[in-house]
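**Q** I have a structure here, written as structure tokens, and I will follow up with some questions on it.
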Amino acid sequence: MSWRFAVSTLGMPGVPVREAARTALAHGCEGLELRVHASEEVRLGLPGRVVDDLRSLLVDQGLAVACLAGYAKVCAPGPDGPVIDELRALIELAHRIGAPSVRVFPGGHGDARSRNEAVLDDLRGSGVRLLLETHDSRPTGKAALEVVEPFGDPDLVAVLWDAVHPWRAGEDPADTREVLGRYLGYFQVKDAVSRADPTPVPPGAGAVPLEDCGEILRSWSGWISLEWERAWYPDLAAVEVPLRAAAAWFARHARPEQPG
């Protein structure tokens, strides 16, 4: 088992990357999960030299880019073209900035196969992996797996396990881990008040069974990122509060699995 700890800039809306990097480093993070959004410093359509400068900034700080958090919706209704264009733009940005993966959403109940197939060569050529988050219309591991498994290559198309959504949908963490198997590509640690109330709280302060998640993931290797949804809940505490709690959770569980 080998985990790497990161924090998503979703918890620092509008904060420059340089400042977000300082916050990440102060709490023991190895990487940043960069939100790609029109309101953020990292967004689609940036000139190449700007992307290169951001990559250099993070390299100089000793931080990796854990993932790009994009907003493409691969199962959304409508024509394929705009979705494919957005996917390609995200993959290109990920490759240039040095991110190993791109997070996308389901966004509906449509068939994502043609859209994902259209960018497989882009993924292969760039070394970037597409990660479908357990979210909205595909909240469970089982539902997300149905979208990605047909491609048969978890190094290209896999699942990002958001700790809250499968649990709120009634899927226990042990079941999520089992069903995803080798298609688990990333884990977002987060907590919520209850199944009925998704308001974020610092890890360990809510009802999500994060201690179970930590034990279940001990034999897995990959990025663990704190997602703090302050962009959507502006009254939440500053990211430093949940980041301290997430770092403590990480320290408790990030130890090699002992042989039985």
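Every chain in the structure tokens has a letter given in the order shown (A, B, ...), and although residue numbers restart at 1 in each chain, ligands are simply numbered from 1 in the order shown.
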Mind checking which residues fall within 8 Å of Gly14 in chain A, counting only C-alpha atoms, ignoring those fewer than 5 positions away in the same chain, and posting them as a PyMOL selection string?
**A** chain A and resi 39-41
**Q** Each residue of range 161-220 of chain A lying at most 12 Å from range 229-245 of chain A should get a row with its shortest atom-to-atom pair and the distance in Å to one decimal, counting only C-alpha atoms; could you produce that, ordered by chain and increasing number, as a tab-separated table?
**A**
residue	atom	partner	partner_atom	distance
A:Val164	CA	A:Glu229	CA	11.9
A:Gln188	CA	A:Glu229	CA	11.6
A:Val189	CA	A:Leu243	CA	10.2
A:Lys190	CA	A:Pro242	CA	8.7
A:Asp191	CA	A:Pro242	CA	9.4
A:Ala192	CA	A:Glu229	CA	10.7
A:Pro198	CA	A:Glu229	CA	10.6
A:Thr199	CA	A:Tyr233	CA	8.1
A:Pro200	CA	A:Glu229	CA	6.9
A:Val201	CA	A:Pro242	CA	7.4
A:Pro202	CA	A:Pro242	CA	4.3
A:Pro203	CA	A:Ala245	CA	5.7
A:Gly204	CA	A:Ala245	CA	7.2
A:Ala205	CA	A:Ala245	CA	8.9
A:Gly206	CA	A:Pro242	CA	11.5
A:Leu210	CA	A:Ala245	CA	11.5
**Q** Of the candidates A:Val147, A:Leu130, A:Leu25, A:Leu54, which one gets nearest to Leu87 in chain A if we count only C-alpha atoms?
**A** A:Leu130
**Q** Leaving out Val83 in chain A and any residue of its chain fewer than 2 positions from it, which residues lie within 8 Å of it when counting only C-alpha atoms, given as a PyMOL selection string?
**A** chain A and resi 72-74+79-81+85-87+115
**Q** Keeping N, CA and C atoms for every residue in the selection just given, could you write it to a file as a PDB file, in the first residue's frame?
**A**
ATOM      1  N   ALA A  72     -16.847  18.047 -17.089  1.00  0.00           N
ATOM      2  CA  ALA A  72     -17.496  17.387 -18.225  1.00  0.00           C
ATOM      3  C   ALA A  72     -18.464  16.336 -17.711  1.00  0.00           C
ATOM      4  N   LYS A  73     -19.601  16.194 -18.391  1.00  0.00           N
ATOM      5  CA  LYS A  73     -20.648  15.250 -17.980  1.00  0.00           C
ATOM      6  C   LYS A  73     -20.820  14.216 -19.090  1.00  0.00           C
ATOM      7  N   VAL A  74     -20.202  13.046 -18.877  1.00  0.00           N
ATOM      8  CA  VAL A  74     -20.101  12.076 -19.965  1.00  0.00           C
ATOM      9  C   VAL A  74     -21.407  11.343 -20.253  1.00  0.00           C
ATOM     10  N   PRO A  79     -25.956  16.322 -27.751  1.00  0.00           N
ATOM     11  CA  PRO A  79     -24.986  15.840 -28.741  1.00  0.00           C
ATOM     12  C   PRO A  79     -23.645  15.500 -28.109  1.00  0.00           C
ATOM     13  N   ASP A  80     -22.939  14.591 -28.788  1.00  0.00           N
ATOM     14  CA  ASP A  80     -21.643  14.142 -28.282  1.00  0.00           C
ATOM     15  C   ASP A  80     -20.544  15.189 -28.460  1.00  0.00           C
ATOM     16  N   GLY A  81     -20.605  15.968 -29.546  1.00  0.00           N
ATOM     17  CA  GLY A  81     -19.502  16.835 -29.916  1.00  0.00           C
ATOM     18  C   GLY A  81     -18.994  17.750 -28.814  1.00  0.00           C
ATOM     19  N   ASP A  85     -15.290  17.533 -27.082  1.00  0.00           N
ATOM     20  CA  ASP A  85     -14.379  18.681 -27.133  1.00  0.00           C
ATOM     21  C   ASP A  85     -13.897  19.063 -25.735  1.00  0.00           C
ATOM     22  N   GLU A  86     -14.819  19.055 -24.780  1.00  0.00           N
ATOM     23  CA  GLU A  86     -14.445  19.400 -23.404  1.00  0.00           C
ATOM     24  C   GLU A  86     -13.494  18.357 -22.819  1.00  0.00           C
ATOM     25  N   LEU A  87     -13.772  17.089 -23.089  1.00  0.00           N
ATOM     26  CA  LEU A  87     -12.884  16.030 -22.610  1.00  0.00           C
ATOM     27  C   LEU A  87     -11.482  16.205 -23.182  1.00  0.00           C
ATOM     28  N   ARG A 115     -18.591   8.736 -26.314  1.00  0.00           N
ATOM     29  CA  ARG A 115     -17.805   9.896 -25.890  1.00  0.00           C
ATOM     30  C   ARG A 115     -16.455   9.458 -25.319  1.00  0.00           C
TER      31      ARG A 115
END
**Q** Output as a VMD selection string all residues of range 41-188 of chain A that backbone DSSP marks as alpha helix (DSSP H).
**A** chain A and resid 48 to 61 80 to 97 113 to 118 120 to 126 141 to 148 164 to 168 173 to 180
**Q** Taking into account only C-alpha atoms, which residue in the set A:Gly214, A:Pro173, A:Pro139, A:Pro154 is nearest to Leu120 in chain A?
**A**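 Answer, going by the shortest atom-to-atom distance: A:Pro154.
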**Q** Hey, which of A:Gly127, A:Gly152, A:Gly11, A:Pro166 ends up closest to Thr140 in chain A? Count only C-alpha atoms.
**A**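 Checking each of A:Gly127, A:Gly152, A:Gly11, A:Pro166 against Thr140 in chain A, counting only C-alpha atoms, the winner is A:Pro166.
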**Q** Please report, as a PyMOL selection string, each residue of range 5-240 of chain A to which DSSP assigns strand (DSSP E) when run on this structure's backbone.
**A** chain A and resi 5-8+31-35+64-73+101-105+129-133+157-162+184-189+191-192+200-201+222-226
**Q** Would you mind exporting the chosen residues as a CSV table (one decimal), in the first residue's frame, restricted to N, CA and C atoms?
**A**
chain,number,residue,atom,x,y,z
A,5,PHE,N,-1.1,12.1,-0.3
A,5,PHE,CA,-2.1,12.9,0.3
A,5,PHE,C,-2.2,14.3,-0.5
A,6,ALA,N,-3.4,14.7,-0.8
A,6,ALA,CA,-3.6,15.9,-1.6
A,6,ALA,C,-4.8,16.6,-1.0
A,7,VAL,N,-5.0,17.9,-1.5
A,7,VAL,CA,-6.2,18.6,-1.1
A,7,VAL,C,-6.7,19.3,-2.4
A,8,SER,N,-8.1,19.3,-2.5
A,8,SER,CA,-8.7,19.9,-3.7
A,8,SER,C,-8.8,21.4,-3.5
A,31,GLY,N,0.4,16.8,-2.9
A,31,GLY,CA,-0.2,17.3,-4.2
A,31,GLY,C,-1.4,18.1,-4.0
A,32,LEU,N,-1.8,18.7,-5.1
A,32,LEU,CA,-3.0,19.5,-5.2
A,32,LEU,C,-3.9,18.9,-6.2
A,33,GLU,N,-5.2,18.8,-5.9
A,33,GLU,CA,-6.2,18.5,-6.9
A,33,GLU,C,-6.8,19.8,-7.4
A,34,LEU,N,-6.5,20.1,-8.6
A,34,LEU,CA,-6.9,21.4,-9.2
A,34,LEU,C,-8.2,21.5,-9.8
A,35,ARG,N,-9.1,22.3,-9.2
A,35,ARG,CA,-10.4,22.5,-9.8
A,35,ARG,C,-10.3,23.3,-11.1
A,64,ALA,N,3.0,17.8,-6.4
A,64,ALA,CA,2.5,17.2,-7.7
A,64,ALA,C,1.1,17.7,-7.9
A,65,VAL,N,0.6,17.6,-9.1
A,65,VAL,CA,-0.8,17.7,-9.4
A,65,VAL,C,-1.4,16.4,-9.3
A,66,ALA,N,-2.3,16.2,-8.3
A,66,ALA,CA,-2.9,14.8,-8.1
A,66,ALA,C,-3.9,14.5,-9.2
A,67,CYS,N,-4.7,15.5,-9.6
A,67,CYS,CA,-5.8,15.3,-10.5
A,67,CYS,C,-6.3,16.7,-10.9
A,68,LEU,N,-6.9,16.7,-12.1
A,68,LEU,CA,-7.7,17.9,-12.5
A,68,LEU,C,-9.1,17.6,-12.3
A,69,ALA,N,-9.8,18.4,-11.5
A,69,ALA,CA,-11.2,18.2,-11.3
A,69,ALA,C,-12.0,19.0,-12.3
A,70,GLY,N,-12.4,18.3,-13.4
A,70,GLY,CA,-13.2,18.8,-14.5
A,70,GLY,C,-14.7,18.7,-14.2
A,71,TYR,N,-15.4,19.3,-15.1
A,71,TYR,CA,-16.9,19.3,-15.0
A,71,TYR,C,-17.6,18.7,-16.2
A,72,ALA,N,-16.8,18.0,-17.1
A,72,ALA,CA,-17.5,17.4,-18.2
A,72,ALA,C,-18.5,16.3,-17.7
A,73,LYS,N,-19.6,16.2,-18.4
A,73,LYS,CA,-20.6,15.3,-18.0
A,73,LYS,C,-20.8,14.2,-19.1
A,101,SER,N,-4.4,12.4,-14.1
A,101,SER,CA,-5.8,12.1,-14.3
A,101,SER,C,-6.7,13.3,-14.4
A,102,VAL,N,-7.9,13.0,-14.9
A,102,VAL,CA,-9.0,14.1,-15.0
A,102,VAL,C,-10.2,13.5,-14.4
A,103,ARG,N,-10.8,14.2,-13.5
A,103,ARG,CA,-12.1,13.9,-12.9
A,103,ARG,C,-13.3,14.4,-13.8
A,104,VAL,N,-14.3,13.5,-14.1
A,104,VAL,CA,-15.5,13.9,-14.8
A,104,VAL,C,-16.7,13.4,-14.0
A,105,PHE,N,-17.9,14.0,-14.4
A,105,PHE,CA,-19.1,13.6,-13.8
A,105,PHE,C,-19.9,12.7,-14.7
A,129,ARG,N,-5.3,9.6,-17.3
A,129,ARG,CA,-6.4,8.7,-17.1
A,129,ARG,C,-7.7,9.4,-16.8
A,130,LEU,N,-8.8,9.0,-17.3
A,130,LEU,CA,-10.1,9.5,-17.1
A,130,LEU,C,-10.8,8.9,-15.9
A,131,LEU,N,-11.2,9.7,-14.9
A,131,LEU,CA,-11.8,9.2,-13.7
A,131,LEU,C,-13.3,9.6,-13.6
A,132,LEU,N,-14.2,8.7,-13.6
A,132,LEU,CA,-15.6,9.0,-13.4
A,132,LEU,C,-15.9,9.1,-11.9
A,133,GLU,N,-16.4,10.2,-11.4
A,133,GLU,CA,-16.7,10.3,-10.0
A,133,GLU,C,-18.0,9.6,-9.7
A,157,VAL,N,-9.4,4.4,-18.1
A,157,VAL,CA,-10.7,4.8,-17.6
A,157,VAL,C,-11.1,4.1,-16.3
A,158,ALA,N,-11.2,4.9,-15.2
A,158,ALA,CA,-11.5,4.2,-13.9
A,158,ALA,C,-12.5,5.1,-13.1
A,159,VAL,N,-12.5,4.9,-11.8
A,159,VAL,CA,-13.5,5.5,-11.0
A,159,VAL,C,-12.9,6.3,-9.9
A,160,LEU,N,-13.4,7.5,-9.6
A,160,LEU,CA,-13.0,8.3,-8.4
A,160,LEU,C,-14.1,8.0,-7.4
A,161,TRP,N,-13.7,7.5,-6.3
A,161,TRP,CA,-14.6,7.2,-5.2
A,161,TRP,C,-14.7,8.4,-4.2
A,162,ASP,N,-15.8,9.0,-4.3
A,162,ASP,CA,-16.1,10.1,-3.3
A,162,ASP,C,-16.8,9.4,-2.1
A,184,LEU,N,-10.7,1.1,-9.1
A,184,LEU,CA,-10.6,2.2,-8.1
A,184,LEU,C,-9.3,3.0,-8.5
A,185,GLY,N,-9.5,4.3,-8.9
A,185,GLY,CA,-8.4,5.1,-9.3
A,185,GLY,C,-8.0,6.2,-8.4
A,186,TYR,N,-8.9,6.6,-7.4
A,186,TYR,CA,-8.7,7.8,-6.6
A,186,TYR,C,-9.7,7.8,-5.5
A,187,PHE,N,-9.4,8.4,-4.4
A,187,PHE,CA,-10.3,8.4,-3.3
A,187,PHE,C,-10.4,9.8,-2.7
A,188,GLN,N,-11.6,10.4,-2.6
A,188,GLN,CA,-11.8,11.7,-1.9
A,188,GLN,C,-12.3,11.5,-0.5
A,189,VAL,N,-11.5,11.9,0.5
A,189,VAL,CA,-12.0,11.8,1.8
A,189,VAL,C,-12.8,13.0,2.2
A,191,ASP,N,-16.7,14.2,4.7
A,191,ASP,CA,-17.7,13.8,5.6
A,191,ASP,C,-18.9,14.7,5.5
A,192,ALA,N,-20.0,14.2,6.0
A,192,ALA,CA,-21.3,14.9,5.9
A,192,ALA,C,-22.1,14.7,7.2
A,200,PRO,N,-21.3,19.5,4.3
A,200,PRO,CA,-20.0,19.0,4.7
A,200,PRO,C,-19.6,19.4,6.1
A,201,VAL,N,-18.9,18.4,6.8
A,201,VAL,CA,-18.2,18.7,8.1
A,201,VAL,C,-16.8,18.1,8.0
A,222,GLY,N,-2.6,4.8,-4.1
A,222,GLY,CA,-3.1,5.9,-5.0
A,222,GLY,C,-3.2,7.2,-4.2
A,223,TRP,N,-3.9,8.2,-4.9
A,223,TRP,CA,-4.0,9.5,-4.3
A,223,TRP,C,-5.3,9.5,-3.4
A,224,ILE,N,-5.1,10.1,-2.2
A,224,ILE,CA,-6.2,10.4,-1.3
A,224,ILE,C,-6.3,11.9,-1.2
A,225,SER,N,-7.4,12.5,-1.5
A,225,SER,CA,-7.6,13.9,-1.5
A,225,SER,C,-8.7,14.4,-0.7
A,226,LEU,N,-8.5,15.4,0.1
A,226,LEU,CA,-9.6,16.1,0.8
A,226,LEU,C,-10.4,16.9,-0.1
**Q** Between A:Ala207, A:Cys213, A:Ile84, A:Leu180, which is the closest to Val193 in chain A once you count only C-alpha atoms?
**A**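 Nearest candidate to Val193 in chain A out of A:Ala207, A:Cys213, A:Ile84, A:Leu180: A:Ala207.
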**Q** For Gly107 in chain A, please output as a PyMOL selection string all residues within 9 Å (counting only C-alpha atoms; exclusion window: fewer than 4 positions along the same chain).
**A** chain A and resi 72-77+135-138
**Q** Would you compute the distance between CA of Glu149 in chain A and CA of Arg113 in chain A? Give it in Å to one decimal.
**A**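 So the two atoms, CA of Glu149 in chain A and CA of Arg113 in chain A, lie 10.3 Å apart.
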